[in-house]
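Text of upload.txt, listed as compact mmCIF, C-alpha atoms and all ligand atoms:
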# COMPACT_ATOMS: atom_id res chain seq x y z
CA MET A 163 -31.88 14.44 -7.44
CA ASN A 164 -29.51 12.82 -9.93
CA ARG A 165 -29.70 9.46 -11.76
CA PHE A 166 -27.60 7.61 -9.19
CA ALA A 167 -29.55 8.91 -6.19
CA LEU A 168 -32.86 7.96 -7.80
CA ALA A 169 -31.68 4.44 -8.53
CA ALA A 170 -30.31 4.08 -5.03
CA VAL A 171 -33.52 5.21 -3.34
CA GLY A 172 -35.51 2.86 -5.56
CA LEU A 173 -33.58 -0.20 -4.47
CA ALA A 174 -33.32 0.86 -0.86
CA THR A 175 -37.00 -0.06 -0.49
CA THR A 176 -36.30 -3.59 -1.78
CA PHE A 177 -33.75 -4.36 0.95
CA ALA A 178 -34.86 -3.95 4.57
CA GLN A 179 -32.75 -1.19 6.06
CA PRO A 180 -31.16 -0.48 9.46
CA VAL A 181 -32.10 -2.49 12.49
CA SER A 182 -32.98 0.57 14.50
CA ALA A 183 -32.84 4.30 14.01
CA ASP A 184 -29.51 4.70 15.75
CA ASP A 185 -27.82 1.47 14.78
CA VAL A 186 -25.46 1.20 11.80
CA LYS A 187 -24.35 -2.27 10.79
CA VAL A 188 -20.87 -2.50 9.31
CA GLY A 189 -19.60 -5.66 7.60
CA LEU A 190 -15.81 -6.04 7.65
CA LEU A 191 -14.47 -8.30 4.91
CA LEU A 192 -10.84 -9.02 5.67
CA PRO A 193 -8.34 -11.88 5.51
CA PHE A 194 -7.86 -13.29 9.00
CA SER A 195 -6.09 -16.36 7.62
CA GLY A 196 -3.71 -16.94 4.71
CA VAL A 197 -0.81 -14.90 3.37
CA TYR A 198 -2.38 -11.52 4.27
CA ALA A 199 -3.80 -12.45 7.70
CA SER A 200 -1.61 -9.98 9.63
CA LEU A 201 -2.75 -7.20 7.27
CA GLY A 202 -6.40 -8.00 7.96
CA ASN A 203 -5.80 -7.99 11.70
CA ASP A 204 -4.06 -4.61 11.56
CA ILE A 205 -6.85 -3.07 9.47
CA GLU A 206 -9.41 -4.34 11.95
CA ALA A 207 -7.40 -3.01 14.92
CA GLY A 208 -7.21 0.42 13.24
CA PHE A 209 -10.91 0.30 12.42
CA ARG A 210 -11.93 -0.51 16.01
CA LEU A 211 -9.70 2.27 17.36
CA GLY A 212 -11.21 4.73 14.86
CA LEU A 213 -14.74 3.72 15.80
CA GLU A 214 -13.91 4.18 19.49
CA GLU A 215 -12.51 7.66 18.82
CA PHE A 216 -15.03 8.99 16.31
CA GLY A 217 -18.11 6.77 16.62
CA ALA A 218 -19.70 8.38 19.69
CA ASP A 219 -19.52 11.84 18.17
CA SER A 220 -21.58 10.65 15.21
CA GLY A 221 -24.62 10.14 17.47
CA ALA A 222 -25.13 6.51 16.37
CA THR A 223 -24.24 3.11 17.72
CA PHE A 224 -22.40 0.65 15.50
CA GLU A 225 -22.50 -3.09 15.13
CA VAL A 226 -19.47 -4.62 13.41
CA ILE A 227 -19.61 -8.07 11.80
CA SER A 228 -16.21 -9.39 10.66
CA GLU A 229 -15.81 -12.10 8.03
CA ASP A 230 -12.63 -13.89 6.89
CA THR A 231 -12.03 -13.73 3.12
CA GLU A 232 -8.99 -16.08 3.42
CA VAL A 233 -7.58 -14.05 0.43
CA LYS A 234 -9.68 -16.32 -1.80
CA PRO A 235 -12.12 -14.72 -4.27
CA PRO A 236 -14.82 -17.46 -4.03
CA VAL A 237 -14.75 -17.39 -0.22
CA ALA A 238 -14.91 -13.58 -0.20
CA LEU A 239 -17.83 -13.65 -2.61
CA ALA A 240 -19.83 -16.01 -0.38
CA LYS A 241 -19.05 -13.89 2.70
CA ALA A 242 -20.04 -10.67 0.93
CA LYS A 243 -23.39 -12.19 -0.06
CA LYS A 244 -23.96 -13.26 3.54
CA LEU A 245 -23.25 -9.74 4.81
CA ILE A 246 -25.50 -8.16 2.18
CA LEU A 247 -28.46 -10.54 2.21
CA GLN A 248 -28.48 -12.26 5.58
CA ASP A 249 -26.92 -9.69 7.93
CA GLN A 250 -28.40 -6.75 5.99
CA VAL A 251 -25.36 -4.56 6.66
CA ASP A 252 -25.65 -0.88 5.84
CA VAL A 253 -22.05 -0.56 4.69
CA MET A 254 -19.17 -2.94 3.98
CA ALA A 255 -15.48 -2.19 4.42
CA GLY A 256 -12.20 -4.00 3.98
CA ILE A 257 -10.80 -6.12 1.12
CA VAL A 258 -7.04 -6.56 1.10
CA SER A 259 -6.37 -8.27 -2.23
CA SER A 260 -6.87 -6.69 -5.65
CA GLY A 261 -7.96 -10.11 -6.94
CA VAL A 262 -10.70 -10.32 -4.31
CA LEU A 263 -11.84 -6.76 -5.05
CA GLY A 264 -12.07 -7.55 -8.76
CA ALA A 265 -14.22 -10.60 -7.98
CA LEU A 266 -16.59 -8.66 -5.69
CA ARG A 267 -17.08 -5.55 -7.78
CA ASP A 268 -20.17 -6.61 -9.73
CA VAL A 269 -21.97 -8.02 -6.68
CA VAL A 270 -21.42 -4.82 -4.69
CA HIS A 271 -22.46 -2.65 -7.62
CA ALA A 272 -25.62 -4.64 -8.35
CA ALA A 273 -26.69 -4.87 -4.70
CA GLU A 274 -26.11 -1.11 -4.23
CA VAL A 275 -24.33 -1.52 -0.93
CA PRO A 276 -21.60 1.01 -0.16
CA LEU A 277 -18.14 -0.56 0.05
CA ILE A 278 -15.16 1.30 1.49
CA VAL A 279 -11.97 -0.26 0.18
CA ALA A 280 -9.58 -0.32 3.12
CA ASN A 281 -6.62 -1.79 1.29
CA ALA A 282 -6.87 -3.44 -2.17
CA GLY A 283 -5.28 -1.13 -4.72
CA ASN A 284 -6.95 -2.59 -7.85
CA ASP A 285 -6.77 0.32 -10.32
CA ASP A 286 -9.89 -0.80 -12.16
CA ALA A 287 -12.12 -0.34 -9.08
CA THR A 288 -11.58 3.41 -9.35
CA GLY A 289 -10.99 3.35 -13.10
CA LYS A 290 -12.66 1.45 -15.89
CA ALA A 291 -14.77 -0.66 -13.47
CA CYS A 292 -15.59 2.13 -11.00
CA SER A 293 -18.91 2.28 -9.18
CA PRO A 294 -20.70 4.99 -7.20
CA TRP A 295 -20.97 2.34 -4.45
CA ILE A 296 -17.20 1.84 -4.15
CA THR A 297 -15.08 4.46 -2.38
CA ARG A 298 -11.41 3.90 -1.65
CA LEU A 299 -9.70 5.12 1.49
CA SER A 300 -6.42 3.26 1.00
CA PHE A 301 -4.48 3.82 -2.26
CA SER A 302 -4.48 2.63 -5.85
CA ASN A 303 -1.72 0.40 -7.17
CA GLN A 304 -0.51 2.87 -9.80
CA GLN A 305 -0.74 5.81 -7.36
CA VAL A 306 1.95 4.37 -5.09
CA ASN A 307 4.35 3.27 -7.84
CA ARG A 308 4.14 5.70 -10.77
CA PRO A 309 5.80 8.64 -8.95
CA MET A 310 8.48 6.28 -7.61
CA GLY A 311 9.40 5.44 -11.21
CA SER A 312 10.36 8.99 -12.04
CA TRP A 313 11.99 9.59 -8.63
CA LEU A 314 14.23 6.54 -9.05
CA HIS A 315 15.35 7.67 -12.49
CA GLU A 316 16.16 11.11 -11.07
CA GLN A 317 18.49 9.35 -8.59
CA GLY A 318 20.56 8.07 -11.53
CA VAL A 319 19.15 4.55 -11.84
CA GLN A 320 18.98 3.64 -15.56
CA LYS A 321 18.19 -0.10 -15.81
CA VAL A 322 15.76 -1.99 -13.63
CA PHE A 323 14.61 -5.61 -13.27
CA THR A 324 11.10 -6.03 -11.79
CA LEU A 325 9.51 -8.81 -9.75
CA ALA A 326 6.04 -9.25 -8.24
CA PRO A 327 3.44 -11.92 -7.49
CA ASP A 328 1.41 -13.03 -10.48
CA TYR A 329 -2.00 -11.51 -9.69
CA ALA A 330 -3.79 -8.22 -10.33
CA ALA A 331 -1.92 -6.13 -7.75
CA GLY A 332 1.49 -7.43 -8.81
CA HIS A 333 0.88 -6.51 -12.45
CA GLN A 334 -0.70 -3.11 -11.73
CA MET A 335 1.96 -2.03 -9.22
CA ILE A 336 4.73 -2.92 -11.65
CA ASP A 337 2.90 -1.33 -14.61
CA GLY A 338 2.56 1.91 -12.61
CA PHE A 339 6.27 1.89 -11.78
CA VAL A 340 7.29 1.03 -15.35
CA GLN A 341 5.21 3.88 -16.70
CA GLY A 342 6.84 6.46 -14.41
CA PHE A 343 10.33 5.02 -14.94
CA THR A 344 10.24 4.68 -18.72
CA ASP A 345 8.47 8.04 -19.22
CA ALA A 346 11.43 9.54 -17.35
CA GLY A 347 13.89 7.75 -19.69
CA GLY A 348 14.65 4.54 -17.76
CA GLU A 349 14.92 1.05 -19.27
CA ILE A 350 13.34 -2.20 -18.03
CA VAL A 351 15.83 -5.02 -18.64
CA GLY A 352 13.70 -7.92 -17.40
CA GLN A 353 10.46 -8.81 -15.62
CA GLU A 354 9.21 -11.88 -13.75
CA TYR A 355 5.93 -12.69 -12.01
CA THR A 356 6.08 -15.34 -9.28
CA PRO A 357 3.14 -17.68 -8.55
CA PHE A 358 1.04 -15.88 -5.91
CA ARG A 359 0.79 -17.60 -2.49
CA LYS A 360 2.78 -20.55 -3.85
CA THR A 361 6.37 -19.30 -4.22
CA GLN A 362 8.69 -20.33 -1.40
CA ASP A 363 12.00 -20.24 -3.20
CA PHE A 364 12.78 -16.95 -4.97
CA GLY A 365 16.29 -18.18 -5.90
CA PRO A 366 15.64 -18.87 -9.61
CA TYR A 367 14.12 -15.39 -10.05
CA LEU A 368 16.97 -13.72 -8.18
CA ALA A 369 19.46 -15.50 -10.44
CA LYS A 370 17.70 -13.99 -13.48
CA ALA A 371 17.76 -10.53 -11.90
CA LYS A 372 21.49 -10.88 -11.22
CA ALA A 373 22.22 -11.92 -14.81
CA SER A 374 20.04 -9.18 -16.34
CA GLY A 375 22.54 -6.31 -16.29
CA ALA A 376 20.17 -4.20 -14.17
CA ASP A 377 21.39 -1.39 -11.88
CA ALA A 378 18.59 -2.13 -9.42
CA VAL A 379 15.62 -4.39 -8.70
CA TYR A 380 12.10 -3.03 -8.13
CA VAL A 381 9.43 -5.23 -6.55
CA PHE A 382 6.00 -5.46 -5.01
CA TYR A 383 5.59 -8.05 -2.27
CA ALA A 384 3.47 -7.84 0.87
CA GLY A 385 2.72 -9.86 4.00
CA GLY A 386 4.33 -13.29 4.36
CA GLU A 387 5.76 -13.11 0.83
CA ALA A 388 7.54 -9.82 1.64
CA ILE A 389 9.22 -11.38 4.65
CA SER A 390 10.51 -14.39 2.66
CA PHE A 391 11.55 -12.25 -0.31
CA VAL A 392 13.53 -9.67 1.69
CA LYS A 393 15.34 -12.37 3.66
CA GLN A 394 16.19 -14.40 0.57
CA TYR A 395 17.36 -11.29 -1.33
CA ASP A 396 19.80 -10.59 1.49
CA SER A 397 21.01 -14.15 1.93
CA PHE A 398 21.53 -14.43 -1.84
CA GLY A 399 24.10 -11.64 -1.36
CA LEU A 400 22.46 -9.29 -3.86
CA LYS A 401 21.84 -6.22 -1.72
CA ALA A 402 25.29 -4.66 -2.03
CA ASP A 403 25.59 -4.86 -5.84
CA LEU A 404 21.96 -4.67 -6.88
CA PRO A 405 20.03 -2.28 -4.61
CA LEU A 406 16.47 -3.30 -3.82
CA TYR A 407 13.60 -0.82 -4.24
CA GLY A 408 9.87 -1.34 -4.17
CA ALA A 409 6.34 -0.44 -3.24
CA GLY A 410 6.66 0.32 0.47
CA PHE A 411 4.51 -2.62 1.60
CA LEU A 412 7.77 -4.56 1.18
CA THR A 413 9.14 -3.22 4.46
CA SER A 414 5.90 -2.35 6.25
CA PRO A 415 6.29 -1.59 9.97
CA LEU A 416 3.82 -4.44 10.43
CA TYR A 417 6.45 -7.08 9.62
CA VAL A 418 9.76 -5.27 9.15
CA ASN A 419 10.98 -6.65 12.48
CA ALA A 420 10.44 -10.18 11.16
CA GLU A 421 12.68 -9.23 8.22
CA GLY A 422 15.31 -7.85 10.61
CA PRO A 423 18.68 -6.58 9.32
CA ALA A 424 17.85 -7.88 5.81
CA ALA A 425 15.47 -4.90 5.47
CA VAL A 426 18.02 -2.21 6.32
CA GLY A 427 18.80 0.09 3.38
CA ILE A 428 15.77 -0.84 1.27
CA VAL A 429 14.21 2.30 -0.24
CA ALA A 430 10.51 2.20 -1.03
CA ALA A 431 7.46 4.35 -1.75
CA LEU A 432 4.26 4.43 0.27
CA HIS A 433 1.34 6.68 1.22
CA TYR A 434 1.92 6.31 4.98
CA VAL A 435 4.81 5.76 7.34
CA PRO A 436 4.48 6.08 11.12
CA THR A 437 7.28 8.66 11.20
CA ILE A 438 5.22 11.35 9.41
CA ASP A 439 5.81 14.55 11.33
CA SER A 440 2.37 15.88 12.29
CA ASP A 441 0.35 16.24 15.50
CA VAL A 442 -2.52 14.13 14.12
CA ASN A 443 -0.12 11.33 13.23
CA ARG A 444 1.72 11.46 16.57
CA ALA A 445 -1.60 11.22 18.44
CA PHE A 446 -2.66 8.26 16.28
CA VAL A 447 0.67 6.44 16.71
CA SER A 448 0.54 6.73 20.48
CA ALA A 449 -3.15 5.72 20.73
CA PHE A 450 -2.55 2.69 18.50
CA GLU A 451 0.60 1.73 20.37
CA GLU A 452 -1.16 2.00 23.71
CA LYS A 453 -3.98 -0.21 22.49
CA THR A 454 -2.01 -2.89 20.63
CA GLY A 455 1.59 -2.62 21.82
CA ARG A 456 2.84 -2.08 18.26
CA ILE A 457 3.56 0.79 15.88
CA PRO A 458 0.76 1.33 13.34
CA SER A 459 1.32 0.35 9.75
CA GLU A 460 -0.29 1.68 6.58
CA TYR A 461 -2.88 -1.09 7.02
CA ALA A 462 -3.85 0.17 10.49
CA VAL A 463 -4.26 3.68 9.03
CA HIS A 464 -6.59 2.39 6.31
CA GLY A 465 -8.81 0.86 9.00
CA TYR A 466 -8.68 3.95 11.22
CA ASP A 467 -9.54 6.37 8.40
CA THR A 468 -12.29 4.03 7.19
CA ALA A 469 -13.95 4.10 10.61
CA ARG A 470 -13.66 7.86 10.70
CA ALA A 471 -15.21 8.15 7.24
CA VAL A 472 -18.20 6.01 8.32
CA ALA A 473 -18.60 8.09 11.48
CA GLU A 474 -18.39 11.37 9.52
CA ALA A 475 -20.95 10.14 6.99
CA VAL A 476 -23.34 9.15 9.79
CA LYS A 477 -22.75 12.46 11.56
CA ALA A 478 -23.74 14.20 8.33
CA GLY A 479 -27.11 12.41 8.56
CA ALA A 480 -26.52 9.23 6.51
CA MET A 481 -27.95 6.03 8.03
CA ASP A 482 -28.89 3.63 5.25
CA ARG A 483 -27.18 2.21 2.20
CA ALA A 484 -28.21 4.92 -0.23
CA SER A 485 -27.41 7.91 1.95
CA LEU A 486 -24.17 6.34 3.24
CA GLY A 487 -23.07 5.69 -0.34
CA ASN A 488 -23.60 9.34 -1.18
CA ALA A 489 -22.04 10.75 1.98
CA LEU A 490 -18.92 8.60 1.98
CA ARG A 491 -17.62 9.98 -1.28
CA GLN A 492 -17.82 13.49 0.15
CA VAL A 493 -15.83 12.99 3.36
CA SER A 494 -12.75 15.08 3.85
CA PHE A 495 -10.59 15.35 6.98
CA GLU A 496 -7.03 15.52 8.23
CA GLY A 497 -5.90 12.01 9.13
CA PRO A 498 -2.51 10.59 10.14
CA ARG A 499 -1.46 10.70 6.46
CA GLY A 500 -2.41 14.38 6.06
CA GLN A 501 -5.41 16.04 4.46
CA LEU A 502 -7.57 13.45 2.69
CA SER A 503 -10.08 14.01 -0.07
CA ILE A 504 -11.87 11.77 -2.54
CA ASP A 505 -11.46 12.37 -6.27
CA PRO A 506 -15.06 13.01 -7.47
CA ALA A 507 -14.18 11.58 -10.88
CA THR A 508 -13.22 8.12 -9.56
CA ASN A 509 -13.94 7.82 -5.80
CA ASN A 510 -10.23 7.21 -5.21
CA LEU A 511 -8.34 8.90 -2.40
CA ILE A 512 -5.90 11.67 -3.38
CA GLN A 513 -2.80 11.72 -1.17
CA PRO A 514 0.96 12.34 -1.19
CA ILE A 515 3.47 9.50 -1.56
CA TYR A 516 6.52 9.19 0.72
CA VAL A 517 9.85 7.69 -0.32
CA TYR A 518 11.42 6.11 2.76
CA GLU A 519 14.41 4.07 3.76
CA THR A 520 14.37 1.40 6.43
CA VAL A 521 17.11 2.29 8.90
CA ALA A 522 18.36 0.78 12.16
CA ALA A 523 17.63 2.85 15.28
CA ASP A 524 18.47 2.18 18.95
CA ASP A 525 15.12 0.48 19.57
CA GLY A 526 14.74 -1.43 16.29
CA LEU A 527 14.06 -0.62 12.66
CA THR A 528 12.42 2.62 11.63
CA GLN A 529 11.36 4.56 8.52
CA LYS A 530 13.44 7.56 7.42
CA VAL A 531 11.51 9.78 5.00
CA LEU A 532 13.75 10.75 2.06
CA ALA A 533 11.20 12.61 -0.09
CA GLN A 534 7.54 13.55 -0.25
CA LEU A 535 6.15 13.22 -3.78
CA PRO A 536 3.13 15.40 -4.62
CA ALA A 537 -0.43 14.06 -4.48
CA SER A 538 -1.90 13.57 -7.92
CA ALA A 539 -5.18 12.06 -9.14
CA ASP A 540 -5.02 8.88 -11.24
CA PRO A 541 -6.25 9.07 -14.82
CA ALA A 542 -10.02 8.34 -14.75
CA ASN A 543 -9.53 5.67 -17.41
CA GLY A 544 -13.14 5.76 -18.56
CA CYS A 545 -14.69 6.25 -15.11
CA MET A 546 -17.38 8.94 -15.32
CA LEU A 547 -18.61 9.21 -11.74
CA SER A 548 -18.75 12.99 -11.76
CA ALA A 549 -21.26 12.73 -14.60
CA VAL A 550 -23.65 10.44 -12.69
CA VAL A 551 -23.38 11.59 -9.08
CA ASN A 552 -23.69 15.13 -7.71
C1 LIG B 601 -3.55 -5.81 -3.27
O1 LIG B 601 -3.77 -6.98 -3.61
O2 LIG B 601 -4.12 -4.84 -3.81
C2 LIG B 601 -2.57 -5.53 -2.18
C3 LIG B 601 -2.30 -6.49 -1.23
C4 LIG B 601 -1.40 -6.21 -0.21
C5 LIG B 601 -0.79 -4.98 -0.16
C6 LIG B 601 -1.06 -4.01 -1.11
C7 LIG B 601 -1.96 -4.29 -2.14
O3 LIG B 601 0.06 -4.69 0.83
Here is the file; what I need is its structure written in the form of structure tokens.
Amino acid sequence: MNRFALAAVGLATTFAQPVSADDVKVGLLLPFSGVYASLGNDIEAGFRLGLEEFGADSGATFEVISEDTEVKPPVALAKAKKLILQDQVDVMAGIVSSGVLGALRDVVHAAEVPLIVANAGNDDATGKACSPWITRLSFSNQQVNRPMGSWLHEQGVQKVFTLAPDYAAGHQMIDGFVQGFTDAGGEIVGQEYTPFRKTQDFGPYLAKAKASGADAVYVFYAGGEAISFVKQYDSFGLKADLPLYGAGFLTSPLYVNAEGPAAVGIVAALHYVPTIDSDVNRAFVSAFEEKTGRIPSEYAVHGYDTARAVAEAVKAGAMDRASLGNALRQVSFEGPRGQLSIDPATNNLIQPIYVYETVAADDGLTQKVLAQLPASADPANGCMLSAVVN
């Protein structure tokens, strides 16, 4: 037994553990209100579908308790404490915002409760602030953007202006892109960060982008902010002269129809699009569509794969916090995105990145895959998980 397992078993006796031998309590911490509410709902829909499909085969029954983080770190912190101390959940999953994940990290680590990150890309959570209790089944902010930086330069783009909301994810997504782009020889001619959750008028920022001499604009926006940004970019008349690129959340299938024609032609990078050509993905898309009436987004996939990971860990014999924590980092399966595995050095998911263009089809907007960029592990950045866990 290693240092981490010993510590985990020690504390497991302090907290009362599962309600009954075949009952696993899962706490879902997601935004069901605020700027990322639709993301939270899609993750939960994917999670419930995944539990329906894979839960029974695990031999356990599951109780799911959902809490609304409102995308606010103090609210999320209070809800996490409730799930840990009052509800005595065996495992927590969710977290959409990098800011919220950063705020929760120490509480999760100290309480020794496994947390599966089902969205937030905060690089530090699987880097310098990693924890054996935190496993990510979504993506990291740099993972999505760094390869897009070099790809964009290969397409002949030399000068870029960047824009993103002013919080952890905005900075890390742009930093990842800038690293890939400048390493390849590109130049950043200007950068702006817009007040998160407060910016309604992007006009002043778009004026700066236009005056910057850039060949293209690269952004990260998601949820309600993505919808406003894409529409304003188009109505500002910039799209023709200054092509818009970004992290693929910008034109997520979850809200691309709300963006409408303004989204057509935007090229972006992401770890999942519903048009991935595989049997596993086709089966997932049709099951999700049948259940919800909509095409699954990357958010739905995070929830679905998270449920599968919990079910696989339980099937492998894990039932309480300590054993779930250990088993989750070892799951590996083929999901809608392809073959998934967890980097033992950081607990981050390793996966390919897809460059896609939003195009108009007969029945609405769809995602045309232009390139598949190879899966690569993030730098561990001081995280030494492989030294402390088996
Ligand atoms: C994040 O805050 O990490 C975040 C939020 C929404 C996204 C992607 C990342 O779509």
Quiz item: Using only C-alpha atoms and all ligand atoms, which protein or nucleic acid residues are at most 8 Å from ligand LIG 601 (chain B), as a PyMOL selection string?
Solution: chain A and resi 198+201+258-262+281-284+302-303+329-332+383-385+411-412+461
Writer output for current selection, C-alpha atoms, as a PDB file, keeping the file's coordinate frame:
ATOM      1  CA  TYR A 198      -2.380 -11.520   4.270  1.00  0.00           C
ATOM      2  CA  LEU A 201      -2.750  -7.200   7.270  1.00  0.00           C
ATOM      3  CA  VAL A 258      -7.040  -6.560   1.100  1.00  0.00           C
ATOM      4  CA  SER A 259      -6.370  -8.270  -2.230  1.00  0.00           C
ATOM      5  CA  SER A 260      -6.870  -6.690  -5.650  1.00  0.00           C
ATOM      6  CA  GLY A 261      -7.960 -10.110  -6.940  1.00  0.00           C
ATOM      7  CA  VAL A 262     -10.700 -10.320  -4.310  1.00  0.00           C
ATOM      8  CA  ASN A 281      -6.620  -1.790   1.290  1.00  0.00           C
ATOM      9  CA  ALA A 282      -6.870  -3.440  -2.170  1.00  0.00           C
ATOM     10  CA  GLY A 283      -5.280  -1.130  -4.720  1.00  0.00           C
ATOM     11  CA  ASN A 284      -6.950  -2.590  -7.850  1.00  0.00           C
ATOM     12  CA  SER A 302      -4.480   2.630  -5.850  1.00  0.00           C
ATOM     13  CA  ASN A 303      -1.720   0.400  -7.170  1.00  0.00           C
ATOM     14  CA  TYR A 329      -2.000 -11.510  -9.690  1.00  0.00           C
ATOM     15  CA  ALA A 330      -3.790  -8.220 -10.330  1.00  0.00           C
ATOM     16  CA  ALA A 331      -1.920  -6.130  -7.750  1.00  0.00           C
ATOM     17  CA  GLY A 332       1.490  -7.430  -8.810  1.00  0.00           C
ATOM     18  CA  TYR A 383       5.590  -8.050  -2.270  1.00  0.00           C
ATOM     19  CA  ALA A 384       3.470  -7.840   0.870  1.00  0.00           C
ATOM     20  CA  GLY A 385       2.720  -9.860   4.000  1.00  0.00           C
ATOM     21  CA  PHE A 411       4.510  -2.620   1.600  1.00  0.00           C
ATOM     22  CA  LEU A 412       7.770  -4.560   1.180  1.00  0.00           C
ATOM     23  CA  TYR A 461      -2.880  -1.090   7.020  1.00  0.00           C
TER      24      TYR A 461
END
Using only C-alpha atoms, which protein or nucleic acid residues come within 10 Å of stretch 422-430 of chain A? Drop anything in the same chain fewer than 2 positions from it, and give the result as an mmCIF file with C-alpha atoms, in the frame of the given file.
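The file below, around-v7.cif, is the result:
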data_model
loop_
_atom_site.group_PDB
_atom_site.id
_atom_site.type_symbol
_atom_site.label_atom_id
_atom_site.label_comp_id
_atom_site.auth_asym_id
_atom_site.auth_seq_id
_atom_site.Cartn_x
_atom_site.Cartn_y
_atom_site.Cartn_z
ATOM 1 C CA VAL A 306 1.950 4.370 -5.090
ATOM 2 C CA ASN A 307 4.350 3.270 -7.840
ATOM 3 C CA MET A 310 8.480 6.280 -7.610
ATOM 4 C CA LEU A 314 14.230 6.540 -9.050
ATOM 5 C CA TYR A 380 12.100 -3.030 -8.130
ATOM 6 C CA VAL A 381 9.430 -5.230 -6.550
ATOM 7 C CA PHE A 382 6.000 -5.460 -5.010
ATOM 8 C CA ILE A 389 9.220 -11.380 4.650
ATOM 9 C CA PHE A 391 11.550 -12.250 -0.310
ATOM 10 C CA VAL A 392 13.530 -9.670 1.690
ATOM 11 C CA LYS A 393 15.340 -12.370 3.660
ATOM 12 C CA GLN A 394 16.190 -14.400 0.570
ATOM 13 C CA TYR A 395 17.360 -11.290 -1.330
ATOM 14 C CA ASP A 396 19.800 -10.590 1.490
ATOM 15 C CA SER A 397 21.010 -14.150 1.930
ATOM 16 C CA LYS A 401 21.840 -6.220 -1.720
ATOM 17 C CA ALA A 402 25.290 -4.660 -2.030
ATOM 18 C CA PRO A 405 20.030 -2.280 -4.610
ATOM 19 C CA LEU A 406 16.470 -3.300 -3.820
ATOM 20 C CA TYR A 407 13.600 -0.820 -4.240
ATOM 21 C CA GLY A 408 9.870 -1.340 -4.170
ATOM 22 C CA ALA A 409 6.340 -0.440 -3.240
ATOM 23 C CA GLY A 410 6.660 0.320 0.470
ATOM 24 C CA PHE A 411 4.510 -2.620 1.600
ATOM 25 C CA LEU A 412 7.770 -4.560 1.180
ATOM 26 C CA THR A 413 9.140 -3.220 4.460
ATOM 27 C CA SER A 414 5.900 -2.350 6.250
ATOM 28 C CA TYR A 417 6.450 -7.080 9.620
ATOM 29 C CA VAL A 418 9.760 -5.270 9.150
ATOM 30 C CA ASN A 419 10.980 -6.650 12.480
ATOM 31 C CA ALA A 420 10.440 -10.180 11.160
ATOM 32 C CA LEU A 432 4.260 4.430 0.270
ATOM 33 C CA TYR A 516 6.520 9.190 0.720
ATOM 34 C CA VAL A 517 9.850 7.690 -0.320
ATOM 35 C CA TYR A 518 11.420 6.110 2.760
ATOM 36 C CA GLU A 519 14.410 4.070 3.760
ATOM 37 C CA THR A 520 14.370 1.400 6.430
ATOM 38 C CA VAL A 521 17.110 2.290 8.900
ATOM 39 C CA ALA A 522 18.360 0.780 12.160
ATOM 40 C CA GLY A 526 14.740 -1.430 16.290
ATOM 41 C CA LEU A 527 14.060 -0.620 12.660
ATOM 42 C CA THR A 528 12.420 2.620 11.630
ATOM 43 C CA GLN A 529 11.360 4.560 8.520
ATOM 44 C CA LYS A 530 13.440 7.560 7.420
ATOM 45 C CA VAL A 531 11.510 9.780 5.000
ATOM 46 C CA LEU A 532 13.750 10.750 2.060
#
Quiz item: Which residue out of A:Ala388, A:Ile278, A:Ala533, A:Leu486 has the minimum interatomic distance to A:Ala431 when only C-alpha atoms are used?
Solution: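 Going through A:Ala388, A:Ile278, A:Ala533, A:Leu486 one by one, the smallest distance to A:Ala431 is for A:Ala533.
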Exercise. Would you kindly return, as a PyMOL selection string, each protein, DNA or RNA residue with an atom no farther than 6 Å from any atom of stretch 475-479 of chain A, considering all atoms listed in the file and excluding same-chain residues fewer than 5 positions away?
Key: chain A and resi 220+489-490
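Between atom CA of A:Ala462 and atom CA of A:Val186 there is a distance of 21.7 Å.
Distance check against A:Ala449 using only C-alpha atoms: of A:Cys545, A:Leu400, A:Leu191, A:Leu211, the minimum falls on A:Leu211.
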Quiz item: Rounded to one decimal in Å, what is the spacing between atom CA of A:His333 and atom CA of A:Ile512?
Solution: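 Between these atoms lies a distance of 21.4 Å.
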Self-check item: Nearby residues, (0.7, 16.0, -4.2) file frame, 12 Å, all atoms listed in the file, as a VMD selection string
Solution: chain A and resid 305 to 306 309 433 500 to 503 511 to 516 533 to 540
Exercise. Could you tell me how far atom CA of A:Ala291 lies from atom CA of A:Arg491, in Å and to one decimal?
Key: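 Computing it gives 16.4 Å between the two atoms.
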